[in-house]
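With compact mmCIF, N, CA and C atoms inside, this is target-v4.txt:
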```
# COMPACT_ATOMS: atom_id res chain seq x y z
N MET R 25 117.18 126.30 117.02
CA MET R 25 116.93 125.80 115.68
C MET R 25 115.70 124.89 115.65
N ARG R 26 115.54 124.05 116.68
CA ARG R 26 114.39 123.16 116.74
C ARG R 26 113.10 123.95 116.82
N THR R 27 113.11 125.07 117.56
CA THR R 27 111.91 125.89 117.71
C THR R 27 111.48 126.46 116.36
N ILE R 28 112.44 126.93 115.57
CA ILE R 28 112.12 127.48 114.25
C ILE R 28 111.52 126.41 113.36
N ALA R 29 112.11 125.22 113.37
CA ALA R 29 111.58 124.12 112.55
C ALA R 29 110.17 123.77 112.96
N LEU R 30 109.91 123.75 114.27
CA LEU R 30 108.57 123.43 114.77
C LEU R 30 107.56 124.49 114.34
N VAL R 31 107.94 125.75 114.44
CA VAL R 31 107.05 126.83 114.03
C VAL R 31 106.74 126.75 112.55
N VAL R 32 107.77 126.48 111.73
CA VAL R 32 107.56 126.35 110.29
C VAL R 32 106.62 125.18 110.00
N MET R 33 106.82 124.05 110.66
CA MET R 33 105.97 122.88 110.44
C MET R 33 104.53 123.17 110.84
N LEU R 34 104.33 123.82 111.97
CA LEU R 34 102.98 124.15 112.40
C LEU R 34 102.32 125.14 111.44
N GLY R 35 103.11 126.04 110.90
CA GLY R 35 102.57 126.99 109.93
C GLY R 35 102.06 126.29 108.69
N PHE R 36 102.82 125.31 108.19
CA PHE R 36 102.37 124.55 107.03
C PHE R 36 101.16 123.70 107.36
N ALA R 37 101.14 123.13 108.56
CA ALA R 37 100.03 122.26 108.95
C ALA R 37 98.74 123.05 109.11
N GLY R 38 98.80 124.25 109.60
CA GLY R 38 97.60 125.00 109.90
C GLY R 38 97.13 125.91 108.79
N GLY R 39 98.00 126.35 107.94
CA GLY R 39 97.62 127.34 106.94
C GLY R 39 97.30 126.72 105.60
N GLY R 40 96.24 127.20 104.97
CA GLY R 40 95.90 126.81 103.61
C GLY R 40 95.53 125.35 103.45
N CYS R 41 94.91 124.74 104.44
CA CYS R 41 94.57 123.32 104.37
C CYS R 41 93.28 123.06 103.62
N ALA R 42 92.38 124.04 103.57
CA ALA R 42 91.08 123.81 102.95
C ALA R 42 91.22 123.88 101.44
N THR R 43 90.70 122.87 100.76
CA THR R 43 90.64 122.90 99.31
C THR R 43 89.18 122.75 98.92
N PHE R 44 88.82 123.27 97.77
CA PHE R 44 87.43 123.23 97.36
C PHE R 44 87.29 122.44 96.08
N SER R 45 86.21 121.70 96.00
CA SER R 45 85.93 120.94 94.79
C SER R 45 84.96 121.74 93.93
N SER R 46 84.68 121.26 92.74
CA SER R 46 83.78 121.95 91.84
C SER R 46 82.35 121.99 92.36
N SER R 47 82.03 121.13 93.33
CA SER R 47 80.67 121.10 93.87
C SER R 47 80.44 122.20 94.89
N GLY R 48 81.52 122.93 95.28
CA GLY R 48 81.37 124.00 96.24
C GLY R 48 81.57 123.57 97.67
N THR R 49 81.78 122.29 97.91
CA THR R 49 82.05 121.81 99.26
C THR R 49 83.54 121.68 99.43
N THR R 50 83.99 121.73 100.66
CA THR R 50 85.42 121.53 100.86
C THR R 50 85.74 120.08 100.57
N ALA R 51 86.96 119.83 100.15
CA ALA R 51 87.36 118.46 99.82
C ALA R 51 87.21 117.57 101.04
N GLY R 52 87.49 118.09 102.23
CA GLY R 52 87.34 117.31 103.45
C GLY R 52 85.90 116.88 103.66
N GLU R 53 84.94 117.77 103.39
CA GLU R 53 83.53 117.42 103.55
C GLU R 53 83.14 116.32 102.57
N ALA R 54 83.55 116.46 101.31
CA ALA R 54 83.20 115.48 100.30
C ALA R 54 83.83 114.13 100.63
N ASN R 55 85.05 114.13 101.13
CA ASN R 55 85.73 112.88 101.43
C ASN R 55 85.17 112.20 102.67
N ASN R 56 84.45 112.94 103.51
CA ASN R 56 83.88 112.36 104.73
C ASN R 56 82.47 111.83 104.52
N GLN R 57 81.86 112.08 103.38
CA GLN R 57 80.53 111.56 103.11
C GLN R 57 80.62 110.06 102.89
N ILE R 58 79.64 109.33 103.40
CA ILE R 58 79.63 107.89 103.18
C ILE R 58 79.01 107.55 101.84
N ASP R 59 77.93 108.23 101.46
CA ASP R 59 77.27 108.00 100.17
C ASP R 59 77.52 109.21 99.28
N VAL R 60 78.13 108.96 98.12
CA VAL R 60 78.52 110.03 97.21
C VAL R 60 77.88 109.79 95.85
N PRO R 61 77.09 110.76 95.33
CA PRO R 61 76.54 110.59 93.98
C PRO R 61 77.67 110.69 92.95
N VAL R 62 77.63 109.82 91.94
CA VAL R 62 78.64 109.84 90.88
C VAL R 62 77.92 109.86 89.53
N GLN R 63 78.62 110.33 88.51
CA GLN R 63 78.00 110.52 87.20
C GLN R 63 77.92 109.27 86.34
N SER R 64 78.82 108.32 86.56
CA SER R 64 78.87 107.15 85.69
C SER R 64 79.29 105.93 86.50
N PRO R 65 79.05 104.74 85.95
CA PRO R 65 79.46 103.54 86.68
C PRO R 65 80.98 103.46 86.79
N PRO R 66 81.48 102.75 87.78
CA PRO R 66 82.93 102.63 87.94
C PRO R 66 83.53 101.75 86.84
N PRO R 67 84.84 101.86 86.63
CA PRO R 67 85.50 100.94 85.69
C PRO R 67 85.38 99.50 86.19
N PRO R 68 85.67 98.53 85.33
CA PRO R 68 85.62 97.13 85.77
C PRO R 68 86.62 96.87 86.90
N GLU R 69 86.28 95.93 87.77
CA GLU R 69 87.18 95.56 88.87
C GLU R 69 88.52 95.11 88.29
N LYS R 70 89.58 95.37 89.02
CA LYS R 70 90.91 94.91 88.62
C LYS R 70 91.18 93.57 89.28
N ALA R 71 91.91 92.73 88.58
CA ALA R 71 92.35 91.48 89.20
C ALA R 71 93.46 91.82 90.17
N GLU R 72 93.34 91.33 91.39
CA GLU R 72 94.36 91.64 92.40
C GLU R 72 95.43 90.57 92.41
N ALA R 73 96.62 90.99 92.79
CA ALA R 73 97.73 90.05 92.94
C ALA R 73 97.39 89.09 94.09
N THR R 74 98.19 88.10 94.25
CA THR R 74 97.98 87.14 95.33
C THR R 74 97.97 87.87 96.67
N ARG R 75 97.01 87.52 97.49
CA ARG R 75 96.88 88.14 98.80
C ARG R 75 98.04 87.71 99.69
N PRO R 76 98.76 88.68 100.27
CA PRO R 76 99.85 88.29 101.18
C PRO R 76 99.28 87.74 102.48
N ALA R 77 100.13 87.07 103.23
CA ALA R 77 99.71 86.52 104.52
C ALA R 77 99.34 87.67 105.47
N ALA R 78 98.40 87.41 106.34
CA ALA R 78 97.99 88.42 107.33
C ALA R 78 99.18 88.78 108.20
N PRO R 79 99.32 90.06 108.55
CA PRO R 79 100.45 90.46 109.39
C PRO R 79 100.33 90.01 110.84
N GLY R 80 99.16 89.53 111.23
CA GLY R 80 99.00 89.08 112.60
C GLY R 80 97.56 88.74 112.91
N PHE R 81 97.31 88.33 114.13
CA PHE R 81 95.97 87.98 114.57
C PHE R 81 95.09 89.23 114.61
N GLY R 82 93.83 89.08 114.21
CA GLY R 82 92.88 90.18 114.30
C GLY R 82 92.84 91.09 113.09
N TYR R 83 93.57 90.76 112.03
CA TYR R 83 93.54 91.57 110.82
C TYR R 83 92.48 91.01 109.87
N ILE R 84 91.87 91.91 109.10
CA ILE R 84 90.90 91.49 108.08
C ILE R 84 91.38 92.00 106.73
N TRP R 85 91.04 91.25 105.68
CA TRP R 85 91.41 91.64 104.33
C TRP R 85 90.35 92.57 103.77
N VAL R 86 90.79 93.71 103.26
CA VAL R 86 89.91 94.66 102.59
C VAL R 86 90.27 94.61 101.11
N GLY R 87 89.35 94.10 100.30
CA GLY R 87 89.61 93.96 98.88
C GLY R 87 89.76 95.30 98.19
N GLY R 88 90.44 95.30 97.05
CA GLY R 88 90.63 96.52 96.28
C GLY R 88 89.31 97.05 95.75
N TYR R 89 89.27 98.35 95.49
CA TYR R 89 88.05 98.97 95.00
C TYR R 89 88.39 100.27 94.27
N TRP R 90 87.43 100.75 93.46
CA TRP R 90 87.57 102.03 92.80
C TRP R 90 87.03 103.11 93.73
N ASP R 91 87.92 103.98 94.20
CA ASP R 91 87.52 105.13 95.01
C ASP R 91 87.05 106.22 94.05
N TYR R 92 86.29 107.16 94.55
CA TYR R 92 85.80 108.26 93.72
C TYR R 92 86.15 109.56 94.42
N LEU R 93 87.09 110.31 93.83
CA LEU R 93 87.56 111.56 94.43
C LEU R 93 87.54 112.67 93.38
N ASP R 94 86.81 113.72 93.68
CA ASP R 94 86.77 114.91 92.81
C ASP R 94 86.49 114.54 91.35
N GLY R 95 85.55 113.64 91.13
CA GLY R 95 85.15 113.28 89.78
C GLY R 95 86.05 112.27 89.09
N ASN R 96 87.00 111.70 89.81
CA ASN R 96 87.92 110.73 89.22
C ASN R 96 87.86 109.40 89.95
N TYR R 97 88.00 108.32 89.19
CA TYR R 97 88.08 106.99 89.78
C TYR R 97 89.55 106.66 90.04
N ILE R 98 89.84 106.24 91.25
CA ILE R 98 91.21 105.91 91.64
C ILE R 98 91.19 104.51 92.26
N TRP R 99 92.02 103.60 91.72
CA TRP R 99 92.06 102.24 92.24
C TRP R 99 92.80 102.20 93.57
N ARG R 100 92.19 101.57 94.57
CA ARG R 100 92.82 101.35 95.88
C ARG R 100 93.08 99.86 96.00
N ASP R 101 94.34 99.48 96.11
CA ASP R 101 94.69 98.07 96.23
C ASP R 101 94.15 97.47 97.52
N GLY R 102 93.91 96.16 97.49
CA GLY R 102 93.50 95.45 98.69
C GLY R 102 94.61 95.49 99.73
N ARG R 103 94.22 95.39 100.99
CA ARG R 103 95.21 95.47 102.07
C ARG R 103 94.64 94.85 103.34
N TRP R 104 95.52 94.54 104.24
CA TRP R 104 95.13 94.06 105.55
C TRP R 104 94.94 95.25 106.48
N VAL R 105 93.86 95.25 107.26
CA VAL R 105 93.63 96.29 108.26
C VAL R 105 93.35 95.63 109.60
N GLN R 106 93.73 96.31 110.66
CA GLN R 106 93.49 95.81 112.01
C GLN R 106 92.00 95.89 112.29
N GLY R 107 91.40 94.80 112.72
CA GLY R 107 90.00 94.80 113.09
C GLY R 107 89.77 95.69 114.31
N LYS R 108 88.53 96.12 114.48
CA LYS R 108 88.17 96.97 115.62
C LYS R 108 87.13 96.24 116.46
N PRO R 109 87.37 96.12 117.76
CA PRO R 109 86.38 95.47 118.61
C PRO R 109 85.02 96.17 118.52
N ASP R 110 83.96 95.40 118.43
CA ASP R 110 82.58 95.90 118.36
C ASP R 110 82.24 96.61 117.05
N TYR R 111 83.08 96.49 116.04
CA TYR R 111 82.80 97.12 114.74
C TYR R 111 82.95 96.09 113.64
N GLU R 112 82.21 96.32 112.55
CA GLU R 112 82.39 95.51 111.35
C GLU R 112 82.74 96.43 110.20
N TYR R 113 83.54 95.91 109.28
CA TYR R 113 83.97 96.70 108.14
C TYR R 113 82.93 96.58 107.04
N VAL R 114 82.50 97.71 106.51
CA VAL R 114 81.54 97.74 105.41
C VAL R 114 82.31 98.09 104.14
N ARG R 115 82.34 97.16 103.21
CA ARG R 115 83.13 97.28 101.98
C ARG R 115 82.56 98.37 101.06
N ALA R 116 83.43 98.99 100.28
CA ALA R 116 83.01 99.97 99.28
C ALA R 116 82.15 99.30 98.22
N ARG R 117 81.16 100.03 97.71
CA ARG R 117 80.34 99.48 96.64
C ARG R 117 79.67 100.62 95.87
N TYR R 118 79.23 100.31 94.65
CA TYR R 118 78.50 101.24 93.81
C TYR R 118 77.11 100.68 93.56
N ASP R 119 76.11 101.54 93.60
CA ASP R 119 74.74 101.14 93.30
C ASP R 119 74.17 102.10 92.26
N ASN R 120 73.32 101.54 91.37
CA ASN R 120 72.58 102.38 90.44
C ASN R 120 71.25 102.69 91.11
N ASP R 121 71.00 103.95 91.37
CA ASP R 121 69.83 104.38 92.14
C ASP R 121 68.60 104.53 91.24
N ALA R 122 68.08 103.43 90.74
CA ALA R 122 66.85 103.37 89.96
C ALA R 122 66.73 104.49 88.92
N GLY R 123 67.76 104.61 88.09
CA GLY R 123 67.70 105.59 87.02
C GLY R 123 68.07 107.00 87.44
N LYS R 124 68.26 107.25 88.73
CA LYS R 124 68.63 108.59 89.21
C LYS R 124 70.13 108.82 89.10
N GLY R 125 70.88 107.78 88.86
CA GLY R 125 72.33 107.90 88.78
C GLY R 125 73.01 106.89 89.69
N TRP R 126 74.29 106.98 89.73
CA TRP R 126 75.09 106.06 90.52
C TRP R 126 75.43 106.66 91.87
N VAL R 127 75.57 105.79 92.87
CA VAL R 127 75.95 106.21 94.22
C VAL R 127 77.13 105.35 94.66
N PHE R 128 78.19 106.00 95.12
CA PHE R 128 79.34 105.31 95.67
C PHE R 128 79.19 105.30 97.19
N HIS R 129 79.22 104.12 97.76
CA HIS R 129 79.16 103.95 99.21
C HIS R 129 80.59 103.71 99.69
N ARG R 130 81.13 104.70 100.36
CA ARG R 130 82.52 104.61 100.84
C ARG R 130 82.67 103.50 101.88
N PRO R 131 83.84 102.87 101.91
CA PRO R 131 84.07 101.87 102.95
C PRO R 131 84.15 102.58 104.31
N HIS R 132 83.66 101.89 105.33
CA HIS R 132 83.67 102.49 106.66
C HIS R 132 83.48 101.40 107.73
N TRP R 133 83.69 101.79 108.96
CA TRP R 133 83.47 100.90 110.10
C TRP R 133 82.09 101.18 110.66
N LYS R 134 81.34 100.12 110.93
CA LYS R 134 79.99 100.25 111.48
C LYS R 134 79.95 99.51 112.82
N ARG R 135 79.44 100.19 113.82
CA ARG R 135 79.35 99.59 115.14
C ARG R 135 78.36 98.43 115.12
N ARG R 136 78.77 97.30 115.67
CA ARG R 136 77.88 96.14 115.75
C ARG R 136 76.83 96.39 116.81
N GLN R 137 75.62 95.95 116.52
CA GLN R 137 74.55 96.06 117.51
C GLN R 137 74.48 94.75 118.27
N HIS R 138 74.64 94.83 119.56
CA HIS R 138 74.58 93.65 120.40
C HIS R 138 73.13 93.36 120.81
N SER R 139 72.84 92.11 121.10
CA SER R 139 71.49 91.80 121.51
C SER R 139 71.14 92.59 122.75
N GLY R 140 69.93 93.13 122.77
CA GLY R 140 69.48 93.95 123.88
C GLY R 140 69.66 95.45 123.64
N GLU R 141 70.46 95.83 122.65
CA GLU R 141 70.63 97.25 122.34
C GLU R 141 69.49 97.68 121.43
N GLN R 142 69.07 98.90 121.59
CA GLN R 142 68.04 99.47 120.73
C GLN R 142 68.70 100.06 119.50
N ALA R 143 68.11 99.83 118.35
CA ALA R 143 68.63 100.43 117.12
C ALA R 143 68.38 101.93 117.18
N ALA R 144 69.33 102.70 116.67
CA ALA R 144 69.18 104.15 116.63
C ALA R 144 68.04 104.50 115.68
N LYS R 145 67.15 105.37 116.14
CA LYS R 145 66.03 105.79 115.29
C LYS R 145 66.49 106.93 114.41
N PRO R 146 66.13 106.90 113.11
CA PRO R 146 66.53 107.98 112.22
C PRO R 146 65.86 109.29 112.64
N ALA R 147 66.61 110.39 112.50
CA ALA R 147 66.06 111.71 112.84
C ALA R 147 65.02 112.09 111.81
N GLY R 148 64.02 112.81 112.26
CA GLY R 148 63.04 113.32 111.30
C GLY R 148 61.73 112.85 111.52
```

Translate this structure into structure tokens?
Amino acid sequence: MRTIALVVMLGFAGGGCATFSSSGTTAGEANNQIDVPVQSPPPPEKAEATRPAAPGFGYIWVGGYWDYLDGNYIWRDGRWVQGKPDYEYVRARYDNDAGKGWVFHRPHWKRRQHSGEQAAKPAG
């Protein structure tokens, strides 16, 4: 019986996972982009409830933000996340690209550059 359940679970996990957005890219590709062009400015920031106490040492607070998924703004509440050694958290933000439209910069972890390390040169 366990074998049948495992096979069924693997079938669901592996089959039909790709979804496509109206832009023609898979949803996974769009969700993995750090900079995403958007059509309009985000809604106003929401007032967040009182920040709960940190769950432990090494956690950082990530403030709430408007995520942008498949043309929709979705509010993500603030939360505590475990810090990562040698990385800094880059908060989500929206920028108006000089009249070209809005760009959503997804939150992500960025490796810290230590003194003596060479900065990565852009390709091209």

From atom N of Pro61 in chain R to CA of Tyr92 in chain R the spacing works out at 9.2 Å

To one decimal place in Å, what is the distance between CA of Glu112 in chain R and CA of Arg130 in chain R? 13.9 Å

Residues flagged strand (DSSP E or B) by DSSP in range 60-127 of chain R, as an NGL selection string: :R and (60-62 or 83-86 or 89-93 or 96-100 or 103-106 or 111-114 or 117-120 or 126-127)

Go through R:Asp59, R:Pro67, R:His132, R:Gln137 one by one, measure the shortest atom-to-atom distance of each to Tyr97 in chain R using only N, CA and C atoms, and give the residue with the smallest value.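 Smallest distance to Tyr97 in chain R is found for R:Pro67.
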
Considering only C-alpha atoms, state which residue in the set R:Ala77, R:Val60, R:Val127, R:Ala116 is at the smallest distance from Leu93 in chain R. R:Val60

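Computed from the coordinates, the atom N of Pro109 in chain R to CA of Thr74 in chain R distance equals 26.4 Å.
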
Need the shell around range 102-104 of chain R: protein/DNA/RNA residues with any atom at most 8 Å away, counting only N, CA and C atoms. Skip same-chain ones fewer than 4 positions apart. Format as an MDAnalysis selection string? chainID R and resid 72:73 75:79 83:89

Would you put the residues from that selection into a file with N, CA and C atoms, as an mmCIF file, keeping the file's coordinate frame?
```cif
data_model
loop_
_atom_site.group_PDB
_atom_site.id
_atom_site.type_symbol
_atom_site.label_atom_id
_atom_site.label_comp_id
_atom_site.auth_asym_id
_atom_site.auth_seq_id
_atom_site.Cartn_x
_atom_site.Cartn_y
_atom_site.Cartn_z
ATOM 1 N N GLU R 72 93.340 91.330 91.390
ATOM 2 C CA GLU R 72 94.360 91.640 92.400
ATOM 3 C C GLU R 72 95.430 90.570 92.410
ATOM 4 N N ALA R 73 96.620 90.990 92.790
ATOM 5 C CA ALA R 73 97.730 90.050 92.940
ATOM 6 C C ALA R 73 97.390 89.090 94.090
ATOM 7 N N ARG R 75 97.010 87.520 97.490
ATOM 8 C CA ARG R 75 96.880 88.140 98.800
ATOM 9 C C ARG R 75 98.040 87.710 99.690
ATOM 10 N N PRO R 76 98.760 88.680 100.270
ATOM 11 C CA PRO R 76 99.850 88.290 101.180
ATOM 12 C C PRO R 76 99.280 87.740 102.480
ATOM 13 N N ALA R 77 100.130 87.070 103.230
ATOM 14 C CA ALA R 77 99.710 86.520 104.520
ATOM 15 C C ALA R 77 99.340 87.670 105.470
ATOM 16 N N ALA R 78 98.400 87.410 106.340
ATOM 17 C CA ALA R 78 97.990 88.420 107.330
ATOM 18 C C ALA R 78 99.180 88.780 108.200
ATOM 19 N N PRO R 79 99.320 90.060 108.550
ATOM 20 C CA PRO R 79 100.450 90.460 109.390
ATOM 21 C C PRO R 79 100.330 90.010 110.840
ATOM 22 N N TYR R 83 93.570 90.760 112.030
ATOM 23 C CA TYR R 83 93.540 91.570 110.820
ATOM 24 C C TYR R 83 92.480 91.010 109.870
ATOM 25 N N ILE R 84 91.870 91.910 109.100
ATOM 26 C CA ILE R 84 90.900 91.490 108.080
ATOM 27 C C ILE R 84 91.380 92.000 106.730
ATOM 28 N N TRP R 85 91.040 91.250 105.680
ATOM 29 C CA TRP R 85 91.410 91.640 104.330
ATOM 30 C C TRP R 85 90.350 92.570 103.770
ATOM 31 N N VAL R 86 90.790 93.710 103.260
ATOM 32 C CA VAL R 86 89.910 94.660 102.590
ATOM 33 C C VAL R 86 90.270 94.610 101.110
ATOM 34 N N GLY R 87 89.350 94.100 100.300
ATOM 35 C CA GLY R 87 89.610 93.960 98.880
ATOM 36 C C GLY R 87 89.760 95.300 98.190
ATOM 37 N N GLY R 88 90.440 95.300 97.050
ATOM 38 C CA GLY R 88 90.630 96.520 96.280
ATOM 39 C C GLY R 88 89.310 97.050 95.750
ATOM 40 N N TYR R 89 89.270 98.350 95.490
ATOM 41 C CA TYR R 89 88.050 98.970 95.000
ATOM 42 C C TYR R 89 88.390 100.270 94.270
#
```
